[in-house]
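The structure under discussion appears below in the form of structure tokens.
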Amino acid sequence: MAKYLAKRIFYIILTLFIVTTATFFLMKFMPGTPLTNQAKLTPGQIHQIYKQYGLDKPLWQQYLVYLGGVVHGNFGTSFQFSNQPVSYLIGSRMGPSLTIGGEAMVVGVLAGLVVGAIGAIKANTWVDTTATIISILGVSIPSFVLAVLLQYYLGLKLRWFPIADWGGFMYTVLPTLALAASPLAETARFMRTQMVDVLSSDYIELAKAKGMGKVGIIYHHALRNSLIPVVTIVGPLAVGIMTGSMVVENIFSIPGIGEQFVKSVLTNDYPTIMGLTIVYCAMLCVVLLITDIVYGIIDPRIRINK
Amino acid sequence: MKLNSFAKLSGVALLSALVLAGCGSKSSSTGTKKQTLNWMVPSSISTMDTSKMTDLYSSQVANATNEGLLRMGNSKVTPGVAKSYKISNGGKTWTFNLRHSKWNDGKPVTAEDFVFAWQRTVSPKTASQYAYIFGNVKNATQISAGKMSPSKLGVKADGNYKLVVTLNKPQSFFKYMVAQGYYFPQEKSIVQKYGSNYATNATKNGYNGPFILKGWNGTNDTFKLVKNPKYWDAKKVKLSTVNFQTIKDPSTALNSYQSNKLDFTTLNGTQVKQYKNNKDYHDYLEASSFYLEMNEKKDPMFKNKNIRRALSLAIDKKQFVDKVLADGSIAPKGYVPAKMSSHNGKDFADQAYVKDAVEYNLAQAKKYWAKGLKETGKKSVSLTLLSDDTDGAKKNTEFVQSQLTKLPGLKITNQNVPFKTRLSRSQNGQFDLVITAWIADYPDPSNFLDLFTSTNSQNNGKWKNAQYDALIKKSESTDANNETARWNDMVQAEKILMNDQGIVPLYQQAQSTLMQSKVKGVQFFPTSPQWAWDKASIK
């Protein structure tokens, strides 16, 4: 296991290195400069500013300098937020993003499992139909549309939740619901299909024949076996939440990092683009690693012995 | 993993969602007249370092928390840290007499704080993007290009309370510039204490203005201004708190306004259509000008005045602002925006109005077009129209395209590209027609007119007129100290620009807002910082 982990971590670092390198050079090919007032500055002034930020050096030198900084934990300072270290910018704005992302993931997947399981157990009844409708709606309504609807009805009309802003659990409810819809729907669909399959398999028949109660069968045999394929989609779901959060954060005025990513690209804020690329990439790698480990826990057959 | 506990967990998650849905508290607003204003900004503030700020919202906050020599008022400047000033040496020397005012930590605001701040801004080490605005202060350009020491800048402290500024050439609108954030003083001891961390959060800064910034950690979206008891004119400041909330999504801002969480919000085009008749609705003209540039270098046909005139008359600007933009923007009278600057009570835009150059007249446009085509020996023309790729910009280009193609034989292809690409293409002359916007740094017509002198780098279309150049030069030299003569030069110059149709003015942008009627006295300026709260109150 330790060997496996070490190997995986090595691959993660390799992935990060490749992504960092590719992003660095692609980013430098984007048109424009990080200067907001470029149009009004004289060439001499522009040159001085470039010199101050090391942008006058050849690209490969800039790349090495950047890489050297990253190895020492220095991600540079942001252009948009003048003199603000990128690590501080990410650190101070990452919390809210992780909170709603994590909540949405947990609520979405757990609720999805329940909805999917109920659908399978009551297959081809009205309960199943309802569960299917919920998952179709969840998949087809984009999170930002749901966000606007939730904000209008639950926030403005009913005043149950704050419309926007950040400052405690109540503020996280609407964004979490908006983001959770899609993982809920995806998980429910997978869970239902898989469980219908499992419920008609021989070992379930055997358990029934042994006289085991329905609840026991589902808890001890059906659920666990249905989970394996569901775990597979957790990685892609996490990616979906990361991208979805960029818009949802905006709608609920959450001081998160998603929107900063978009803005940093639009304003050629090189250090911020790089810092966020590394962080997002690392998060995704870690989610995938966890997924693989969870496989082993659920299904001893896949447990890693290498 | 125990599936029992897992099932329980999922049950709990669902239940808690349901329970939580029920326990929302209804906040009851107490009806007291607390002097608290809830304001909205559409973008995070990026820094409080006046040497480094480039965005409007940071300048807005800086203007509330700090004060320069003079203070922006409604189309004039009022005394700030300087009680009075005197202009001598043919307009090149400005002497400011400072009052005995204090920073929020109790230390005196001295002339040295100005000298220090200005030198810091022009120093290449600071890498300020506003260094160019000091261009007319003696030696500033050489300093910012790294060719001279910052200590040589044309600003000196004569004792603690007298500041002497030396300019390269007379500049009557220097009074507006010293009222802007980039000319504010900086508390030297604080800047030196925090070094590169200076003004990166609310506590690492010194304040000498009507308010003090609180709760800003450098990147967060909610913060507030509280009254500064040490401000010299504190007795006139009525608000105790201004709460700021950054809301980037327009419909979220509107929802927050409707639930009384905000006393102010800006509206986008779609929202304006709904709220135009609301009692809280107000629109304010910004000192901005949107216009079409014709690339004379790439397409020599644009050297023909009839062609240029035809393009201008073919566009119905009234319909443009009423039906397409529909956000309070107005059809232009010319290039320099309306209600920005006036002389002897007369607005510049009214005085320089050339009706024949801007008013829609399709029949006339077609005549000019036919004549122009004949003169240039062309039958049909195919042009590209360059603009930004935002939804708004796309709608605008589509409208302009539909208007221009009414001219027989003219084919227009729209090119909607990202802002930065548009900027670099305009500057490199890679366009036929481009929609350009100019927003003033200070409320003086010269800030606009300078652009179309033949050597200005912002003159993307390369329109040239010797008479125009001469008038602008005259306004900056021989007439610089004579307000009326200078004004007349500029009016004449604008008339030449319009008569010769150097550009096609399209519209002047407005800011549409909702503001609760209980809020009184908030000031709006057409240029940065746009909003000020030091005279505001809640009634």
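Ordering of the structure tokens sets the chain letters (A, B, ...), residue numbers begin anew at 1 in every chain, and ligands are numbered from 1 in the order given.
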Would you mind listing what lies within 10 Å of A:Glu186 as a ChimeraX atom specification, with only C-alpha atoms counted and same-chain residues fewer than 4 positions away left out? /A:108-109,112-113,116,135-136,138-139,181-182,190-191,230,233-234,237
Convert the current residue selection to file output with N, CA and C atoms, as a PDB file, in the first residue's frame.
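The new file out.pdb reads:
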ATOM      1  N   GLY A 108     -24.913  16.020  -2.259  1.00  0.00           N
ATOM      2  CA  GLY A 108     -25.319  15.498  -3.558  1.00  0.00           C
ATOM      3  C   GLY A 108     -25.146  13.995  -3.650  1.00  0.00           C
ATOM      4  N   VAL A 109     -23.981  13.510  -3.264  1.00  0.00           N
ATOM      5  CA  VAL A 109     -23.716  12.075  -3.411  1.00  0.00           C
ATOM      6  C   VAL A 109     -24.578  11.258  -2.446  1.00  0.00           C
ATOM      7  N   GLY A 112     -28.104  11.387  -3.514  1.00  0.00           N
ATOM      8  CA  GLY A 112     -28.214  10.644  -4.762  1.00  0.00           C
ATOM      9  C   GLY A 112     -28.259   9.144  -4.513  1.00  0.00           C
ATOM     10  N   LEU A 113     -27.431   8.691  -3.582  1.00  0.00           N
ATOM     11  CA  LEU A 113     -27.419   7.261  -3.256  1.00  0.00           C
ATOM     12  C   LEU A 113     -28.784   6.832  -2.718  1.00  0.00           C
ATOM     13  N   GLY A 116     -31.383   6.955  -5.528  1.00  0.00           N
ATOM     14  CA  GLY A 116     -31.133   5.863  -6.470  1.00  0.00           C
ATOM     15  C   GLY A 116     -31.528   4.517  -5.883  1.00  0.00           C
ATOM     16  N   SER A 135     -33.838  12.832 -11.048  1.00  0.00           N
ATOM     17  CA  SER A 135     -32.481  12.796 -11.620  1.00  0.00           C
ATOM     18  C   SER A 135     -32.428  13.426 -13.001  1.00  0.00           C
ATOM     19  N   ILE A 136     -33.498  13.289 -13.779  1.00  0.00           N
ATOM     20  CA  ILE A 136     -33.471  13.931 -15.101  1.00  0.00           C
ATOM     21  C   ILE A 136     -33.435  15.450 -14.950  1.00  0.00           C
ATOM     22  N   GLY A 138     -32.346  17.104 -12.386  1.00  0.00           N
ATOM     23  CA  GLY A 138     -31.053  17.494 -11.819  1.00  0.00           C
ATOM     24  C   GLY A 138     -29.962  17.569 -12.866  1.00  0.00           C
ATOM     25  N   VAL A 139     -30.015  16.643 -13.814  1.00  0.00           N
ATOM     26  CA  VAL A 139     -28.984  16.639 -14.845  1.00  0.00           C
ATOM     27  C   VAL A 139     -29.229  17.752 -15.856  1.00  0.00           C
ATOM     28  N   ALA A 181     -27.318  19.598  -7.025  1.00  0.00           N
ATOM     29  CA  ALA A 181     -28.335  18.996  -7.900  1.00  0.00           C
ATOM     30  C   ALA A 181     -27.718  18.041  -8.913  1.00  0.00           C
ATOM     31  N   SER A 182     -26.653  18.482  -9.547  1.00  0.00           N
ATOM     32  CA  SER A 182     -26.082  17.649 -10.595  1.00  0.00           C
ATOM     33  C   SER A 182     -25.429  16.368 -10.044  1.00  0.00           C
ATOM     34  N   PHE A 190     -26.794   6.349 -11.585  1.00  0.00           N
ATOM     35  CA  PHE A 190     -25.846   5.239 -11.532  1.00  0.00           C
ATOM     36  C   PHE A 190     -26.290   4.214 -10.499  1.00  0.00           C
ATOM     37  N   MET A 191     -26.667   4.740  -9.327  1.00  0.00           N
ATOM     38  CA  MET A 191     -27.032   3.874  -8.207  1.00  0.00           C
ATOM     39  C   MET A 191     -28.232   3.015  -8.584  1.00  0.00           C
ATOM     40  N   VAL A 230     -20.407   3.627  -8.716  1.00  0.00           N
ATOM     41  CA  VAL A 230     -20.742   4.989  -8.291  1.00  0.00           C
ATOM     42  C   VAL A 230     -19.486   5.753  -7.905  1.00  0.00           C
ATOM     43  N   ILE A 233     -17.596   7.682 -10.606  1.00  0.00           N
ATOM     44  CA  ILE A 233     -18.003   8.991 -11.134  1.00  0.00           C
ATOM     45  C   ILE A 233     -17.710  10.124 -10.168  1.00  0.00           C
ATOM     46  N   VAL A 234     -17.197   9.815  -8.973  1.00  0.00           N
ATOM     47  CA  VAL A 234     -16.936  10.886  -8.006  1.00  0.00           C
ATOM     48  C   VAL A 234     -15.904  11.877  -8.553  1.00  0.00           C
ATOM     49  N   LEU A 237     -17.448  14.140 -11.022  1.00  0.00           N
ATOM     50  CA  LEU A 237     -18.397  15.005 -10.319  1.00  0.00           C
ATOM     51  C   LEU A 237     -17.664  16.147  -9.629  1.00  0.00           C
TER      52      LEU A 237
END
Residues near A:Gln38, cut-off 12 Å, only C-alpha atoms, skip fewer than 2 positions along chain, as an mmCIF file with N, CA and C atoms, in the first residue's frame:
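And here is the file that came out, selection_35.cif:
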data_model
loop_
_atom_site.group_PDB
_atom_site.id
_atom_site.type_symbol
_atom_site.label_atom_id
_atom_site.label_comp_id
_atom_site.auth_asym_id
_atom_site.auth_seq_id
_atom_site.Cartn_x
_atom_site.Cartn_y
_atom_site.Cartn_z
ATOM 1 N N GLY A 32 -2.173 40.368 -25.146
ATOM 2 C CA GLY A 32 -2.319 41.342 -24.073
ATOM 3 C C GLY A 32 -1.253 41.212 -23.006
ATOM 4 N N THR A 33 -1.330 42.129 -22.031
ATOM 5 C CA THR A 33 -0.369 42.184 -20.946
ATOM 6 C C THR A 33 -1.133 42.345 -19.643
ATOM 7 N N PRO A 34 -0.461 42.144 -18.526
ATOM 8 C CA PRO A 34 -1.179 42.342 -17.262
ATOM 9 C C PRO A 34 -1.415 43.820 -16.928
ATOM 10 N N LEU A 35 -0.931 44.720 -17.734
ATOM 11 C CA LEU A 35 -1.084 46.140 -17.422
ATOM 12 C C LEU A 35 -2.483 46.630 -17.787
ATOM 13 N N THR A 36 -3.131 47.285 -16.835
ATOM 14 C CA THR A 36 -4.471 47.786 -17.088
ATOM 15 C C THR A 36 -4.405 49.071 -17.893
ATOM 16 N N LYS A 40 -2.056 53.974 -21.971
ATOM 17 C CA LYS A 40 -1.701 55.352 -21.643
ATOM 18 C C LYS A 40 -0.239 55.520 -21.238
ATOM 19 N N LEU A 41 0.485 54.412 -21.054
ATOM 20 C CA LEU A 41 1.867 54.505 -20.593
ATOM 21 C C LEU A 41 2.830 54.663 -21.760
ATOM 22 N N THR A 42 3.941 55.343 -21.504
ATOM 23 C CA THR A 42 4.955 55.468 -22.550
ATOM 24 C C THR A 42 5.766 54.162 -22.599
ATOM 25 N N PRO A 43 6.404 53.873 -23.741
ATOM 26 C CA PRO A 43 7.190 52.632 -23.843
ATOM 27 C C PRO A 43 8.237 52.526 -22.738
ATOM 28 N N GLY A 44 8.864 53.650 -22.379
ATOM 29 C CA GLY A 44 9.872 53.646 -21.320
ATOM 30 C C GLY A 44 9.268 53.209 -19.998
ATOM 31 N N GLN A 45 8.080 53.719 -19.702
ATOM 32 C CA GLN A 45 7.417 53.355 -18.444
ATOM 33 C C GLN A 45 7.032 51.885 -18.446
ATOM 34 N N ILE A 46 6.530 51.416 -19.608
ATOM 35 C CA ILE A 46 6.152 50.002 -19.703
ATOM 36 C C ILE A 46 7.380 49.127 -19.459
ATOM 37 N N HIS A 47 8.490 49.525 -20.064
ATOM 38 C CA HIS A 47 9.713 48.744 -19.906
ATOM 39 C C HIS A 47 10.120 48.664 -18.433
ATOM 40 N N ILE A 49 8.211 48.918 -15.819
ATOM 41 C CA ILE A 49 7.281 48.075 -15.069
ATOM 42 C C ILE A 49 7.596 46.601 -15.335
ATOM 43 N N TYR A 50 7.862 46.284 -16.611
ATOM 44 C CA TYR A 50 8.205 44.900 -16.958
ATOM 45 C C TYR A 50 9.439 44.446 -16.200
ATOM 46 N N THR A 267 -7.411 39.013 -17.298
ATOM 47 C CA THR A 267 -6.550 40.175 -17.084
ATOM 48 C C THR A 267 -5.069 39.835 -17.205
ATOM 49 N N THR B 54 -5.515 50.971 -10.035
ATOM 50 C CA THR B 54 -5.893 51.282 -11.408
ATOM 51 C C THR B 54 -7.394 51.148 -11.603
ATOM 52 N N SER B 128 4.291 51.814 -10.879
ATOM 53 C CA SER B 128 2.925 52.329 -10.896
ATOM 54 C C SER B 128 2.418 52.449 -12.325
ATOM 55 N N GLN B 129 1.167 52.030 -12.526
ATOM 56 C CA GLN B 129 0.588 52.158 -13.858
ATOM 57 C C GLN B 129 -0.033 53.532 -14.067
ATOM 58 N N TYR B 130 0.063 54.368 -13.042
ATOM 59 C CA TYR B 130 -0.450 55.720 -13.208
ATOM 60 C C TYR B 130 0.673 56.747 -13.280
ATOM 61 N N ALA B 131 1.908 56.255 -13.432
ATOM 62 C CA ALA B 131 3.042 57.172 -13.484
ATOM 63 C C ALA B 131 2.837 58.214 -14.597
ATOM 64 N N TYR B 132 2.174 57.820 -15.676
ATOM 65 C CA TYR B 132 2.007 58.741 -16.797
ATOM 66 C C TYR B 132 1.215 59.996 -16.439
ATOM 67 N N LYS B 420 -8.457 42.580 -24.775
ATOM 68 C CA LYS B 420 -7.014 42.806 -24.965
ATOM 69 C C LYS B 420 -6.602 42.645 -26.433
ATOM 70 N N LEU B 423 -7.635 45.745 -28.230
ATOM 71 C CA LEU B 423 -6.710 46.833 -27.939
ATOM 72 C C LEU B 423 -5.438 46.711 -28.767
ATOM 73 N N SER B 424 -4.864 45.517 -28.819
ATOM 74 C CA SER B 424 -3.594 45.387 -29.542
ATOM 75 C C SER B 424 -3.825 45.532 -31.055
ATOM 76 N N GLN B 427 -4.176 49.242 -31.804
ATOM 77 C CA GLN B 427 -2.901 49.954 -31.731
ATOM 78 C C GLN B 427 -1.965 49.590 -32.876
ATOM 79 N N SER B 457 -0.483 58.316 -29.694
ATOM 80 C CA SER B 457 -0.514 56.868 -29.933
ATOM 81 C C SER B 457 -1.928 56.303 -29.854
ATOM 82 N N GLN B 458 -2.858 57.070 -29.276
ATOM 83 C CA GLN B 458 -4.242 56.606 -29.193
ATOM 84 C C GLN B 458 -5.034 56.895 -30.466
#
Atomic separation - atom CA of B:Phe173 relative to atom CA of B:Lys520, Å: 29.3 Å
Would you please give, as a PyMOL selection string, all residues of stretch 309-385 of chain B that DSSP assigns to alpha helix (DSSP H) based on the backbone? chain B and resi 309-314+317-319+348-351+355-358+362-376
Find the residues of chain B in contact range of chain A, meaning any atom within 6 Å when counting only C-alpha atoms, and list them as a ChimeraX atom specification. /B:10,24,46-47,124,127,129,132,144-145,221,247,249,420-421
Using only C-alpha atoms, which residues sit within 10 Å of B:Ser517 once same-chain residues fewer than 6 positions away are excluded, as a VMD selection string? chain B and resid 263 to 264 279 to 281 538 to 539
Please identify all polymer residues within 12 Å of stretch 471-484 of chain B, counting only C-alpha atoms, omitting same-chain residues fewer than 3 positions from it, and present them as number ranges by chain. B: 87-93, 136, 168-174, 342-344, 346, 444-454, 456, 465-468, 487-497
Spatial neighbours of A:Leu276, 12 Å, only C-alpha atoms, chain gap at least 5 places, as an MDAnalysis selection string: chainID A and resid 16 19:20 23:24 75:76 78 86:91 93:94 242 257:265 269:271 281:283
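Taking atom CA of A:Met105 and atom CA of A:Met195 as the two end points, the separation is 21.0 Å.
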Identify, on the basis of only C-alpha atoms, every residue whose closest approach to B:Ser196 does not exceed 12 Å; exclude the query and any residue fewer than 2 positions from it along the same chain; express the result as a PyMOL selection string. (chain A and resi 77+82-85) or (chain B and resi 47+49+51-52+125-127+190-194+198-201+204-205)
